[in-house]
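Accompanying notes for the structure given below.
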Amino acid sequence: MTTNNTLKVWSRTIKNKIDDQIDDIYKRDYKFYKIDRLERIAERIDEFSHECKECEAFKTEVEDITEKLSEYLQGIPHLRSEYEKRNEKIVKHLQKKHNLAYKEYYASSYSFLGFVAGSAIFGGIMWFINPNFIVPTLMMGFAVGLIIGRILGKKKDKENEQNNLIL
């Protein structure tokens with residue numbers, strides 16, 4: 001328990017630095033550039049840094065992003081895209097190495113895959129049985145695939161949330 005609290009110290013300082021700059025950032029920019037996600041990234045980097053060398057290296061990256069945050073968001077478009085690239089680089093690491101995912105990630109992904117697979121399967125079957133009814137069958141496959149994909153995705157998201165794998 002004590003190590004968990006000491007690990008949170010770094011992420012709290014990052015959050016405080018962001019809060020200090022909040023007056024310089026427009027509310028719409030705060031939402032659009034997902035500053036709250038940067039705070040969650042800092043928490044996760046802090047959590048994994050004791051066991052992952054890349055996360056330890058990303059601490060300086062997050063500190064640098066935080067220091068220049070208002071510059072990035074109020075600056076020229078080149079600076080904004082640099083902010084997004086640096087942020088995305090860290091997110092990709094967290095997703096690949098630590099299996100973190102956004103909330104509702106699997107529900108949306110599986111829904112898409114479900115409607116594609118459902119349409120293809122139902123359409124393919126109907127193509128061989130009676131091609132005249134392909135459109136209603138495709139729509140039925142779309143709906144069934146979407147529902148099944150959504151259910152499976154929600155189940156996976158719930159499992160991720162229970163295992164604390166949400167970014």
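Just remember, in the structure tokens the first chain shown is A, the second B, etc., residues are 1-based per chain, and ligands are 1-based in the order shown.
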Neighbours of Ile25 in chain A within 9 Å (only C-alpha atoms; same-chain residues fewer than 5 positions away dropped), as an NGL selection string?
-> :A and (30 or 69-70 or 73-74)
Let me see the file: selected residues, C-alpha atoms, as a PDB file, in the first residue's frame.
ATOM      1  CA  TYR A  30      -9.060  21.350 -22.717  1.00  0.00           C
ATOM      2  CA  LEU A  69       1.268  22.601 -22.334  1.00  0.00           C
ATOM      3  CA  SER A  70      -0.112  26.126 -22.704  1.00  0.00           C
ATOM      4  CA  LEU A  73      -2.213  24.566 -27.232  1.00  0.00           C
ATOM      5  CA  GLN A  74      -1.983  28.292 -27.878  1.00  0.00           C
TER       6      GLN A  74
END
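Residue nearest Ile41 in chain A within the list A:Tyr105, A:Phe122, A:Phe112, A:Trp10: A:Trp10 [criterion: smallest interatomic distance, only C-alpha atoms].
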Within 8 Å of Lys154 in chain A, counting only C-alpha atoms, which residues show up once you throw out same-chain ones fewer than 2 positions away? Write them as a list in words, please.
->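 Result of the neighbour search: Glu104, Tyr106, Ala107, Arg150, Ile151, Leu152, Lys156, Asp157 and Lys158 of chain A.
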Output the selection as a PDB file, in the first residue's frame - C-alpha atoms for each residue.
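Wrote it out as result_14.pdb, contents follow:
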ATOM      1  CA  GLU A 104     -15.729   1.560 -24.561  1.00  0.00           C
ATOM      2  CA  TYR A 106     -13.869  -2.957 -27.398  1.00  0.00           C
ATOM      3  CA  ALA A 107     -17.594  -2.211 -27.590  1.00  0.00           C
ATOM      4  CA  ARG A 150     -21.744  -4.925 -29.005  1.00  0.00           C
ATOM      5  CA  ILE A 151     -22.502  -7.570 -26.376  1.00  0.00           C
ATOM      6  CA  LEU A 152     -19.081  -9.204 -26.723  1.00  0.00           C
ATOM      7  CA  LYS A 156     -14.541  -7.373 -22.824  1.00  0.00           C
ATOM      8  CA  ASP A 157     -14.711  -3.727 -21.655  1.00  0.00           C
ATOM      9  CA  LYS A 158     -16.189  -4.824 -18.333  1.00  0.00           C
TER      10      LYS A 158
END
So what do you get for CA of Gly114 in chain A versus CA of Ile134 in chain A, distance-wise?
-> 18.0 Å
Gap from CA of Glu47 in chain A to CA of Lys8 in chain A - Å, one decimal | 7.4 Å
Taking only residues of range 82-103 of chain A that have an atom at most 10 Å from an atom of range 54-59 of chain A, what is each one's shortest atom pair and its distance in Å to one decimal, using only C-alpha atoms, in chain and number order, as a Markdown table?
| residue | atom | partner | partner_atom | distance |
| --- | --- | --- | --- | --- |
| A:Arg86 | CA | A:Phe58 | CA | 9.9 |
| A:Lys89 | CA | A:Phe58 | CA | 9.5 |
| A:Ile90 | CA | A:Phe58 | CA | 7.1 |
| A:His93 | CA | A:Glu54 | CA | 8.3 |
| A:Leu94 | CA | A:Cys55 | CA | 8.4 |
| A:Lys97 | CA | A:Glu54 | CA | 9.6 |
Selection export as a PDB file, in the first residue's frame, atoms kept: N, CA and C atoms:
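Written file, again_2.pdb:
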ATOM      1  N   ARG A  86       3.507  13.456 -29.604  1.00  0.00           N
ATOM      2  CA  ARG A  86       4.191  13.013 -28.386  1.00  0.00           C
ATOM      3  C   ARG A  86       3.224  12.269 -27.466  1.00  0.00           C
ATOM      4  N   LYS A  89       2.386   8.831 -28.924  1.00  0.00           N
ATOM      5  CA  LYS A  89       3.511   7.898 -28.775  1.00  0.00           C
ATOM      6  C   LYS A  89       3.442   7.197 -27.415  1.00  0.00           C
ATOM      7  N   ILE A  90       3.135   7.954 -26.393  1.00  0.00           N
ATOM      8  CA  ILE A  90       3.024   7.391 -25.046  1.00  0.00           C
ATOM      9  C   ILE A  90       1.811   6.468 -24.957  1.00  0.00           C
ATOM     10  N   HIS A  93       2.451   3.107 -26.523  1.00  0.00           N
ATOM     11  CA  HIS A  93       3.254   2.254 -25.643  1.00  0.00           C
ATOM     12  C   HIS A  93       2.370   1.616 -24.572  1.00  0.00           C
ATOM     13  N   LEU A  94       1.526   2.422 -23.940  1.00  0.00           N
ATOM     14  CA  LEU A  94       0.653   1.906 -22.880  1.00  0.00           C
ATOM     15  C   LEU A  94      -0.321   0.859 -23.421  1.00  0.00           C
ATOM     16  N   LYS A  97       2.293  -2.408 -24.688  1.00  0.00           N
ATOM     17  CA  LYS A  97       3.086  -3.090 -23.663  1.00  0.00           C
ATOM     18  C   LYS A  97       2.295  -3.435 -22.405  1.00  0.00           C
TER      19      LYS A  97
END
So which residues touch Gly123 in chain A within 10 Å, counting only C-alpha atoms, skipping near sequence neighbours fewer than 4 positions away, as a PyMOL selection string?
-> chain A and resi 117-119+127-129+131+133-142
When distances are computed from only C-alpha atoms, which of A:Gln95, A:Asn132, A:Ser111, A:Thr66 shows the smallest separation from Lys15 in chain A?
-> A:Thr66
May I ask which of the residues A:Val9, A:Asp36, A:Glu43, A:Val62 is the closest one to Ile22 in chain A, counting only C-alpha atoms?
->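 Looking at the shortest contact to Ile22 in chain A, the residue is A:Asp36.
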For CA of Lys103 in chain A and CA of Ser81 in chain A, determine how far apart the two atoms are, in Å to one decimal place.
->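 Spanning CA of Lys103 in chain A to CA of Ser81 in chain A is a straight-line distance of 23.8 Å.
With distances restricted to only C-alpha atoms, A:Ile148 is the closest residue to Val116 in chain A from A:Glu67, A:Lys17, A:Gln162, A:Ile148.
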Looking only at alpha helix (DSSP H) from DSSP on the backbone, list the matching residues of chain A as a CSV table (one decimal) with N, CA and C atoms, in the first residue's frame.
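Below is the file selection-v1.csv, written as the result:
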chain,number,residue,atom,x,y,z
A,2,THR,N,1.9,1.3,0.8
A,2,THR,CA,2.7,2.5,0.8
A,2,THR,C,3.4,2.8,-0.5
A,3,THR,N,3.9,1.7,-1.2
A,3,THR,CA,4.5,2.0,-2.5
A,3,THR,C,3.5,2.6,-3.5
A,4,ASN,N,2.2,2.2,-3.4
A,4,ASN,CA,1.2,2.7,-4.3
A,4,ASN,C,1.1,4.2,-4.0
A,5,ASN,N,1.1,4.6,-2.7
A,5,ASN,CA,0.9,6.0,-2.4
A,5,ASN,C,2.1,6.8,-2.8
A,6,THR,N,3.3,6.3,-2.7
A,6,THR,CA,4.5,7.0,-3.1
A,6,THR,C,4.6,7.1,-4.6
A,7,LEU,N,4.1,6.1,-5.3
A,7,LEU,CA,4.1,6.2,-6.7
A,7,LEU,C,3.2,7.3,-7.2
A,8,LYS,N,2.2,7.6,-6.5
A,8,LYS,CA,1.2,8.6,-7.0
A,8,LYS,C,1.7,10.0,-6.8
A,9,VAL,N,2.8,10.2,-6.1
A,9,VAL,CA,3.4,11.5,-5.9
A,9,VAL,C,3.7,12.2,-7.2
A,10,TRP,N,4.4,11.5,-8.0
A,10,TRP,CA,4.9,12.1,-9.3
A,10,TRP,C,3.6,12.5,-10.1
A,11,SER,N,2.7,11.6,-10.3
A,11,SER,CA,1.5,11.9,-11.1
A,11,SER,C,0.7,13.1,-10.5
A,12,ARG,N,0.7,13.2,-9.1
A,12,ARG,CA,0.0,14.3,-8.5
A,12,ARG,C,0.7,15.7,-8.8
A,13,THR,N,2.0,15.6,-8.9
A,13,THR,CA,2.8,16.9,-9.3
A,13,THR,C,2.5,17.2,-10.7
A,14,ILE,N,2.4,16.2,-11.6
A,14,ILE,CA,2.0,16.5,-13.0
A,14,ILE,C,0.6,17.1,-13.0
A,15,LYS,N,-0.3,16.6,-12.3
A,15,LYS,CA,-1.7,17.1,-12.3
A,15,LYS,C,-1.7,18.5,-11.7
A,16,ASN,N,-0.9,18.8,-10.7
A,16,ASN,CA,-0.8,20.1,-10.2
A,16,ASN,C,-0.3,21.1,-11.2
A,17,LYS,N,0.7,20.7,-11.9
A,17,LYS,CA,1.3,21.5,-13.0
A,17,LYS,C,0.3,21.9,-14.1
A,18,ILE,N,-0.5,20.9,-14.4
A,18,ILE,CA,-1.6,21.1,-15.4
A,18,ILE,C,-2.6,22.0,-14.8
A,19,ASP,N,-3.0,21.8,-13.6
A,19,ASP,CA,-4.0,22.7,-12.9
A,19,ASP,C,-3.5,24.2,-12.8
A,20,ASP,N,-2.2,24.3,-12.7
A,20,ASP,CA,-1.6,25.7,-12.6
A,20,ASP,C,-1.7,26.4,-14.0
A,21,GLN,N,-1.8,25.6,-15.0
A,21,GLN,CA,-1.8,26.2,-16.4
A,21,GLN,C,-3.3,26.3,-16.9
A,27,LYS,N,-11.4,26.4,-22.4
A,27,LYS,CA,-12.2,25.2,-22.0
A,27,LYS,C,-12.4,24.2,-23.2
A,28,ARG,N,-12.6,24.8,-24.4
A,28,ARG,CA,-12.8,23.9,-25.6
A,28,ARG,C,-11.5,23.2,-25.9
A,29,ASP,N,-10.4,23.9,-25.8
A,29,ASP,CA,-9.1,23.2,-26.0
A,29,ASP,C,-8.8,22.1,-25.0
A,30,TYR,N,-9.2,22.4,-23.8
A,30,TYR,CA,-9.1,21.3,-22.7
A,30,TYR,C,-9.7,20.0,-23.1
A,31,LYS,N,-11.0,20.2,-23.6
A,31,LYS,CA,-11.7,19.0,-24.1
A,31,LYS,C,-11.2,18.4,-25.4
A,32,PHE,N,-10.9,19.3,-26.3
A,32,PHE,CA,-10.5,18.9,-27.7
A,32,PHE,C,-9.2,18.2,-27.7
A,35,ILE,N,-6.9,17.0,-22.3
A,35,ILE,CA,-5.9,17.2,-21.3
A,35,ILE,C,-6.2,16.3,-20.1
A,36,ASP,N,-7.4,15.9,-19.9
A,36,ASP,CA,-7.7,14.9,-18.8
A,36,ASP,C,-7.1,13.6,-19.1
A,37,ARG,N,-6.9,13.2,-20.4
A,37,ARG,CA,-6.2,12.0,-20.8
A,37,ARG,C,-4.8,12.1,-20.4
A,38,LEU,N,-4.2,13.3,-20.6
A,38,LEU,CA,-2.8,13.5,-20.2
A,38,LEU,C,-2.6,13.2,-18.7
A,39,GLU,N,-3.6,13.6,-17.9
A,39,GLU,CA,-3.5,13.3,-16.4
A,39,GLU,C,-3.6,11.8,-16.2
A,40,ARG,N,-4.5,11.1,-16.9
A,40,ARG,CA,-4.6,9.7,-16.7
A,40,ARG,C,-3.3,9.0,-17.2
A,41,ILE,N,-2.7,9.5,-18.3
A,41,ILE,CA,-1.5,8.9,-18.8
A,41,ILE,C,-0.4,9.0,-17.7
A,42,ALA,N,-0.3,10.2,-17.1
A,42,ALA,CA,0.7,10.4,-16.0
A,42,ALA,C,0.5,9.4,-14.9
A,43,GLU,N,-0.8,9.2,-14.5
A,43,GLU,CA,-1.1,8.2,-13.5
A,43,GLU,C,-0.6,6.8,-13.9
A,44,ARG,N,-0.8,6.4,-15.1
A,44,ARG,CA,-0.4,5.1,-15.6
A,44,ARG,C,1.1,5.0,-15.7
A,45,ILE,N,1.7,6.0,-16.2
A,45,ILE,CA,3.2,6.0,-16.4
A,45,ILE,C,3.8,5.9,-15.0
A,46,ASP,N,3.2,6.6,-14.0
A,46,ASP,CA,3.7,6.5,-12.6
A,46,ASP,C,3.5,5.1,-12.1
A,47,GLU,N,2.4,4.5,-12.4
A,47,GLU,CA,2.1,3.1,-11.9
A,47,GLU,C,3.1,2.1,-12.5
A,48,PHE,N,3.4,2.2,-13.8
A,48,PHE,CA,4.2,1.2,-14.4
A,48,PHE,C,5.7,1.5,-14.4
A,53,LYS,N,11.1,0.2,-18.1
A,53,LYS,CA,12.1,1.2,-18.4
A,53,LYS,C,11.6,2.2,-19.3
A,54,GLU,N,10.8,1.8,-20.3
A,54,GLU,CA,10.2,2.8,-21.2
A,54,GLU,C,9.3,3.8,-20.5
A,55,CYS,N,8.5,3.3,-19.6
A,55,CYS,CA,7.6,4.2,-18.8
A,55,CYS,C,8.5,5.1,-18.0
A,56,GLU,N,9.6,4.7,-17.4
A,56,GLU,CA,10.5,5.5,-16.7
A,56,GLU,C,11.0,6.6,-17.6
A,57,ALA,N,11.3,6.3,-18.8
A,57,ALA,CA,11.8,7.3,-19.8
A,57,ALA,C,10.7,8.3,-20.2
A,58,PHE,N,9.5,7.7,-20.2
A,58,PHE,CA,8.4,8.6,-20.6
A,58,PHE,C,8.0,9.6,-19.5
A,59,LYS,N,8.5,9.4,-18.3
A,59,LYS,CA,8.3,10.4,-17.2
A,59,LYS,C,8.8,11.8,-17.6
A,60,THR,N,10.0,11.8,-18.2
A,60,THR,CA,10.6,13.1,-18.6
A,60,THR,C,9.8,13.7,-19.8
A,61,GLU,N,9.3,12.8,-20.6
A,61,GLU,CA,8.5,13.2,-21.8
A,61,GLU,C,7.2,13.9,-21.3
A,62,VAL,N,6.6,13.2,-20.3
A,62,VAL,CA,5.3,13.8,-19.8
A,62,VAL,C,5.6,15.1,-19.0
A,63,GLU,N,6.7,15.2,-18.3
A,63,GLU,CA,7.0,16.4,-17.6
A,63,GLU,C,7.3,17.5,-18.6
A,64,ASP,N,8.0,17.2,-19.7
A,64,ASP,CA,8.2,18.2,-20.7
A,64,ASP,C,6.9,18.7,-21.4
A,65,ILE,N,6.1,17.7,-21.7
A,65,ILE,CA,4.8,18.1,-22.3
A,65,ILE,C,4.0,19.0,-21.4
A,66,THR,N,4.0,18.6,-20.1
A,66,THR,CA,3.2,19.4,-19.1
A,66,THR,C,3.8,20.8,-18.9
A,67,GLU,N,5.1,20.9,-18.9
A,67,GLU,CA,5.7,22.3,-18.8
A,67,GLU,C,5.3,23.2,-19.9
A,69,LEU,N,2.6,22.9,-21.9
A,69,LEU,CA,1.3,22.6,-22.3
A,69,LEU,C,0.5,23.8,-22.9
A,70,SER,N,0.6,24.9,-22.2
A,70,SER,CA,-0.1,26.1,-22.7
A,70,SER,C,0.5,26.6,-24.0
A,71,GLU,N,1.9,26.5,-24.1
A,71,GLU,CA,2.5,26.8,-25.4
A,71,GLU,C,2.0,26.0,-26.5
A,72,TYR,N,1.9,24.7,-26.3
A,72,TYR,CA,1.5,23.8,-27.3
A,72,TYR,C,0.1,24.1,-27.8
A,73,LEU,N,-0.8,24.4,-26.9
A,73,LEU,CA,-2.2,24.6,-27.2
A,73,LEU,C,-2.5,26.0,-27.8
A,74,GLN,N,-1.7,26.9,-27.4
A,74,GLN,CA,-2.0,28.3,-27.9
A,74,GLN,C,-1.0,28.7,-29.0
A,77,PRO,N,0.0,25.8,-35.3
A,77,PRO,CA,-0.4,24.4,-35.5
A,77,PRO,C,0.7,23.4,-35.5
A,78,HIS,N,1.9,23.8,-35.8
A,78,HIS,CA,3.0,22.8,-35.8
A,78,HIS,C,3.2,22.3,-34.3
A,79,LEU,N,3.1,23.3,-33.4
A,79,LEU,CA,3.3,22.9,-32.0
A,79,LEU,C,2.2,22.0,-31.5
A,80,ARG,N,1.0,22.3,-31.9
A,80,ARG,CA,-0.2,21.4,-31.6
A,80,ARG,C,0.0,20.0,-32.1
A,81,SER,N,0.4,19.9,-33.3
A,81,SER,CA,0.6,18.5,-33.9
A,81,SER,C,1.8,17.8,-33.2
A,82,GLU,N,2.8,18.6,-32.7
A,82,GLU,CA,3.9,18.0,-32.0
A,82,GLU,C,3.3,17.4,-30.6
A,83,TYR,N,2.5,18.2,-30.0
A,83,TYR,CA,1.8,17.8,-28.7
A,83,TYR,C,1.1,16.5,-29.0
A,84,GLU,N,0.3,16.4,-30.0
A,84,GLU,CA,-0.5,15.2,-30.3
A,84,GLU,C,0.4,14.0,-30.6
A,85,LYS,N,1.4,14.2,-31.3
A,85,LYS,CA,2.3,13.1,-31.7
A,85,LYS,C,3.0,12.6,-30.4
A,86,ARG,N,3.5,13.5,-29.6
A,86,ARG,CA,4.2,13.0,-28.4
A,86,ARG,C,3.2,12.3,-27.5
A,87,ASN,N,2.0,12.8,-27.4
A,87,ASN,CA,1.0,12.2,-26.5
A,87,ASN,C,0.6,10.8,-27.1
A,88,GLU,N,0.5,10.7,-28.4
A,88,GLU,CA,0.1,9.5,-29.0
A,88,GLU,C,1.1,8.4,-28.9
A,89,LYS,N,2.4,8.8,-28.9
A,89,LYS,CA,3.5,7.9,-28.8
A,89,LYS,C,3.4,7.2,-27.4
A,90,ILE,N,3.1,8.0,-26.4
A,90,ILE,CA,3.0,7.4,-25.0
A,90,ILE,C,1.8,6.5,-25.0
A,91,VAL,N,0.7,6.9,-25.5
A,91,VAL,CA,-0.5,6.1,-25.5
A,91,VAL,C,-0.3,4.8,-26.2
A,92,LYS,N,0.4,4.8,-27.3
A,92,LYS,CA,0.6,3.5,-28.1
A,92,LYS,C,1.5,2.6,-27.2
A,93,HIS,N,2.5,3.1,-26.5
A,93,HIS,CA,3.3,2.3,-25.6
A,93,HIS,C,2.4,1.6,-24.6
A,94,LEU,N,1.5,2.4,-23.9
A,94,LEU,CA,0.7,1.9,-22.9
A,94,LEU,C,-0.3,0.9,-23.4
A,95,GLN,N,-0.8,1.1,-24.6
A,95,GLN,CA,-1.7,0.1,-25.2
A,95,GLN,C,-1.0,-1.2,-25.6
A,96,LYS,N,0.2,-1.1,-26.2
A,96,LYS,CA,0.9,-2.3,-26.6
A,96,LYS,C,1.5,-3.1,-25.5
A,97,LYS,N,2.3,-2.4,-24.7
A,97,LYS,CA,3.1,-3.1,-23.7
A,97,LYS,C,2.3,-3.4,-22.4
A,98,HIS,N,1.3,-2.6,-22.1
A,98,HIS,CA,0.6,-2.8,-20.8
A,98,HIS,C,-0.9,-3.2,-21.0
A,105,TYR,N,-13.7,1.0,-25.8
A,105,TYR,CA,-12.9,0.7,-27.0
A,105,TYR,C,-13.4,-0.6,-27.6
A,106,TYR,N,-13.5,-1.7,-26.8
A,106,TYR,CA,-13.9,-3.0,-27.4
A,106,TYR,C,-15.3,-3.0,-27.9
A,107,ALA,N,-16.2,-2.3,-27.2
A,107,ALA,CA,-17.6,-2.2,-27.6
A,107,ALA,C,-17.7,-1.6,-29.0
A,108,SER,N,-17.0,-0.5,-29.2
A,108,SER,CA,-17.1,0.1,-30.6
A,108,SER,C,-16.4,-0.8,-31.6
A,109,SER,N,-15.2,-1.3,-31.3
A,109,SER,CA,-14.4,-2.1,-32.2
A,109,SER,C,-15.2,-3.4,-32.6
A,110,TYR,N,-15.7,-4.1,-31.6
A,110,TYR,CA,-16.4,-5.3,-31.8
A,110,TYR,C,-17.7,-5.1,-32.6
A,111,SER,N,-18.4,-3.9,-32.3
A,111,SER,CA,-19.6,-3.6,-33.0
A,111,SER,C,-19.3,-3.5,-34.5
A,112,PHE,N,-18.3,-2.8,-34.8
A,112,PHE,CA,-17.9,-2.7,-36.3
A,112,PHE,C,-17.6,-4.0,-36.9
A,113,LEU,N,-16.8,-4.8,-36.2
A,113,LEU,CA,-16.4,-6.1,-36.7
A,113,LEU,C,-17.7,-7.0,-36.8
A,114,GLY,N,-18.6,-6.9,-35.9
A,114,GLY,CA,-19.8,-7.7,-35.8
A,114,GLY,C,-20.7,-7.3,-37.0
A,115,PHE,N,-20.9,-6.0,-37.3
A,115,PHE,CA,-21.8,-5.7,-38.4
A,115,PHE,C,-21.2,-6.1,-39.8
A,116,VAL,N,-19.8,-6.0,-39.9
A,116,VAL,CA,-19.2,-6.5,-41.1
A,116,VAL,C,-19.3,-8.0,-41.3
A,117,ALA,N,-19.0,-8.7,-40.2
A,117,ALA,CA,-19.0,-10.2,-40.3
A,117,ALA,C,-20.5,-10.7,-40.4
A,118,GLY,N,-21.4,-10.1,-39.7
A,118,GLY,CA,-22.8,-10.5,-39.8
A,118,GLY,C,-23.3,-10.2,-41.2
A,119,SER,N,-23.0,-9.1,-41.8
A,119,SER,CA,-23.5,-8.8,-43.1
A,119,SER,C,-22.9,-9.8,-44.1
A,120,ALA,N,-21.6,-10.0,-44.0
A,120,ALA,CA,-20.9,-10.9,-44.9
A,120,ALA,C,-21.4,-12.4,-44.8
A,121,ILE,N,-21.6,-12.8,-43.6
A,121,ILE,CA,-22.1,-14.2,-43.4
A,121,ILE,C,-23.5,-14.4,-43.9
A,122,PHE,N,-24.4,-13.5,-43.4
A,122,PHE,CA,-25.8,-13.6,-43.8
A,122,PHE,C,-26.0,-13.3,-45.3
A,123,GLY,N,-25.2,-12.3,-45.9
A,123,GLY,CA,-25.3,-12.1,-47.3
A,123,GLY,C,-24.8,-13.2,-48.1
A,124,GLY,N,-23.7,-13.8,-47.7
A,124,GLY,CA,-23.1,-15.0,-48.4
A,124,GLY,C,-24.0,-16.2,-48.4
A,125,ILE,N,-24.6,-16.4,-47.3
A,125,ILE,CA,-25.6,-17.6,-47.2
A,125,ILE,C,-26.7,-17.3,-48.1
A,126,MET,N,-27.3,-16.1,-48.1
A,126,MET,CA,-28.5,-15.8,-48.9
A,126,MET,C,-28.1,-15.8,-50.4
A,127,TRP,N,-26.9,-15.4,-50.7
A,127,TRP,CA,-26.5,-15.3,-52.1
A,127,TRP,C,-26.6,-16.7,-52.7
A,128,PHE,N,-26.3,-17.8,-51.9
A,128,PHE,CA,-26.3,-19.1,-52.5
A,128,PHE,C,-27.8,-19.7,-52.4
A,129,ILE,N,-28.6,-19.2,-51.5
A,129,ILE,CA,-29.9,-19.7,-51.4
A,129,ILE,C,-30.9,-19.1,-52.4
A,134,ILE,N,-31.4,-10.6,-51.0
A,134,ILE,CA,-30.1,-10.3,-50.4
A,134,ILE,C,-30.1,-9.1,-49.6
A,135,VAL,N,-30.9,-8.0,-50.0
A,135,VAL,CA,-30.9,-6.8,-49.3
A,135,VAL,C,-31.5,-6.9,-47.9
A,136,PRO,N,-32.7,-7.5,-47.7
A,136,PRO,CA,-33.2,-7.7,-46.4
A,136,PRO,C,-32.3,-8.6,-45.5
A,137,THR,N,-31.7,-9.6,-46.1
A,137,THR,CA,-30.8,-10.5,-45.4
A,137,THR,C,-29.5,-9.8,-44.9
A,138,LEU,N,-29.0,-8.9,-45.8
A,138,LEU,CA,-27.8,-8.1,-45.4
A,138,LEU,C,-28.2,-7.2,-44.2
A,139,MET,N,-29.4,-6.6,-44.3
A,139,MET,CA,-29.8,-5.7,-43.1
A,139,MET,C,-30.0,-6.5,-41.9
A,140,MET,N,-30.5,-7.7,-42.0
A,140,MET,CA,-30.7,-8.6,-40.8
A,140,MET,C,-29.3,-9.0,-40.3
A,141,GLY,N,-28.4,-9.3,-41.2
A,141,GLY,CA,-27.0,-9.7,-40.8
A,141,GLY,C,-26.3,-8.5,-40.1
A,142,PHE,N,-26.5,-7.3,-40.7
A,142,PHE,CA,-26.0,-6.1,-40.1
A,142,PHE,C,-26.4,-6.0,-38.6
A,143,ALA,N,-27.8,-6.1,-38.4
A,143,ALA,CA,-28.3,-5.9,-37.1
A,143,ALA,C,-27.8,-7.0,-36.1
A,144,VAL,N,-27.9,-8.3,-36.5
A,144,VAL,CA,-27.5,-9.4,-35.7
A,144,VAL,C,-26.0,-9.2,-35.3
A,145,GLY,N,-25.2,-9.0,-36.3
A,145,GLY,CA,-23.7,-8.8,-36.1
A,145,GLY,C,-23.4,-7.7,-35.2
A,146,LEU,N,-24.1,-6.6,-35.4
A,146,LEU,CA,-23.9,-5.4,-34.5
A,146,LEU,C,-24.3,-5.7,-33.1
A,147,ILE,N,-25.4,-6.4,-32.9
A,147,ILE,CA,-25.8,-6.7,-31.5
A,147,ILE,C,-24.8,-7.7,-30.9
A,148,ILE,N,-24.5,-8.7,-31.6
A,148,ILE,CA,-23.5,-9.7,-31.0
A,148,ILE,C,-22.2,-9.0,-30.7
A,149,GLY,N,-21.7,-8.2,-31.7
A,149,GLY,CA,-20.4,-7.5,-31.5
A,149,GLY,C,-20.5,-6.6,-30.3
A,150,ARG,N,-21.6,-5.9,-30.1
A,150,ARG,CA,-21.7,-4.9,-29.0
A,150,ARG,C,-21.7,-5.7,-27.7
A,151,ILE,N,-22.4,-6.8,-27.6
A,151,ILE,CA,-22.5,-7.6,-26.4
A,151,ILE,C,-21.1,-8.1,-26.0
A,152,LEU,N,-20.4,-8.7,-27.0
A,152,LEU,CA,-19.1,-9.2,-26.7
A,152,LEU,C,-18.1,-8.1,-26.4
A,153,GLY,N,-18.2,-6.9,-27.0
A,153,GLY,CA,-17.4,-5.8,-26.7
A,153,GLY,C,-17.6,-5.3,-25.3
A,154,LYS,N,-18.9,-5.1,-24.9
A,154,LYS,CA,-19.2,-4.7,-23.6
A,154,LYS,C,-18.6,-5.6,-22.5
A,155,LYS,N,-18.7,-6.9,-22.8
A,155,LYS,CA,-18.2,-7.9,-21.9
A,155,LYS,C,-16.7,-7.8,-21.7
A,156,LYS,N,-16.0,-7.6,-22.9
A,156,LYS,CA,-14.5,-7.4,-22.8
A,156,LYS,C,-14.2,-6.1,-22.1
A,157,ASP,N,-15.0,-5.0,-22.3
A,157,ASP,CA,-14.7,-3.7,-21.7
A,157,ASP,C,-14.9,-3.9,-20.1
A,158,LYS,N,-15.9,-4.6,-19.8
A,158,LYS,CA,-16.2,-4.8,-18.3
A,158,LYS,C,-15.0,-5.6,-17.7
A,159,GLU,N,-14.6,-6.6,-18.4
A,159,GLU,CA,-13.4,-7.4,-18.0
A,159,GLU,C,-12.2,-6.5,-17.8
A,160,ASN,N,-11.9,-5.6,-18.8
A,160,ASN,CA,-10.8,-4.7,-18.7
A,160,ASN,C,-10.9,-3.8,-17.5
A,161,GLU,N,-12.2,-3.3,-17.3
A,161,GLU,CA,-12.4,-2.4,-16.2
A,161,GLU,C,-12.1,-3.1,-14.8
A,162,GLN,N,-12.5,-4.3,-14.7
A,162,GLN,CA,-12.3,-5.1,-13.5
A,162,GLN,C,-10.8,-5.4,-13.3
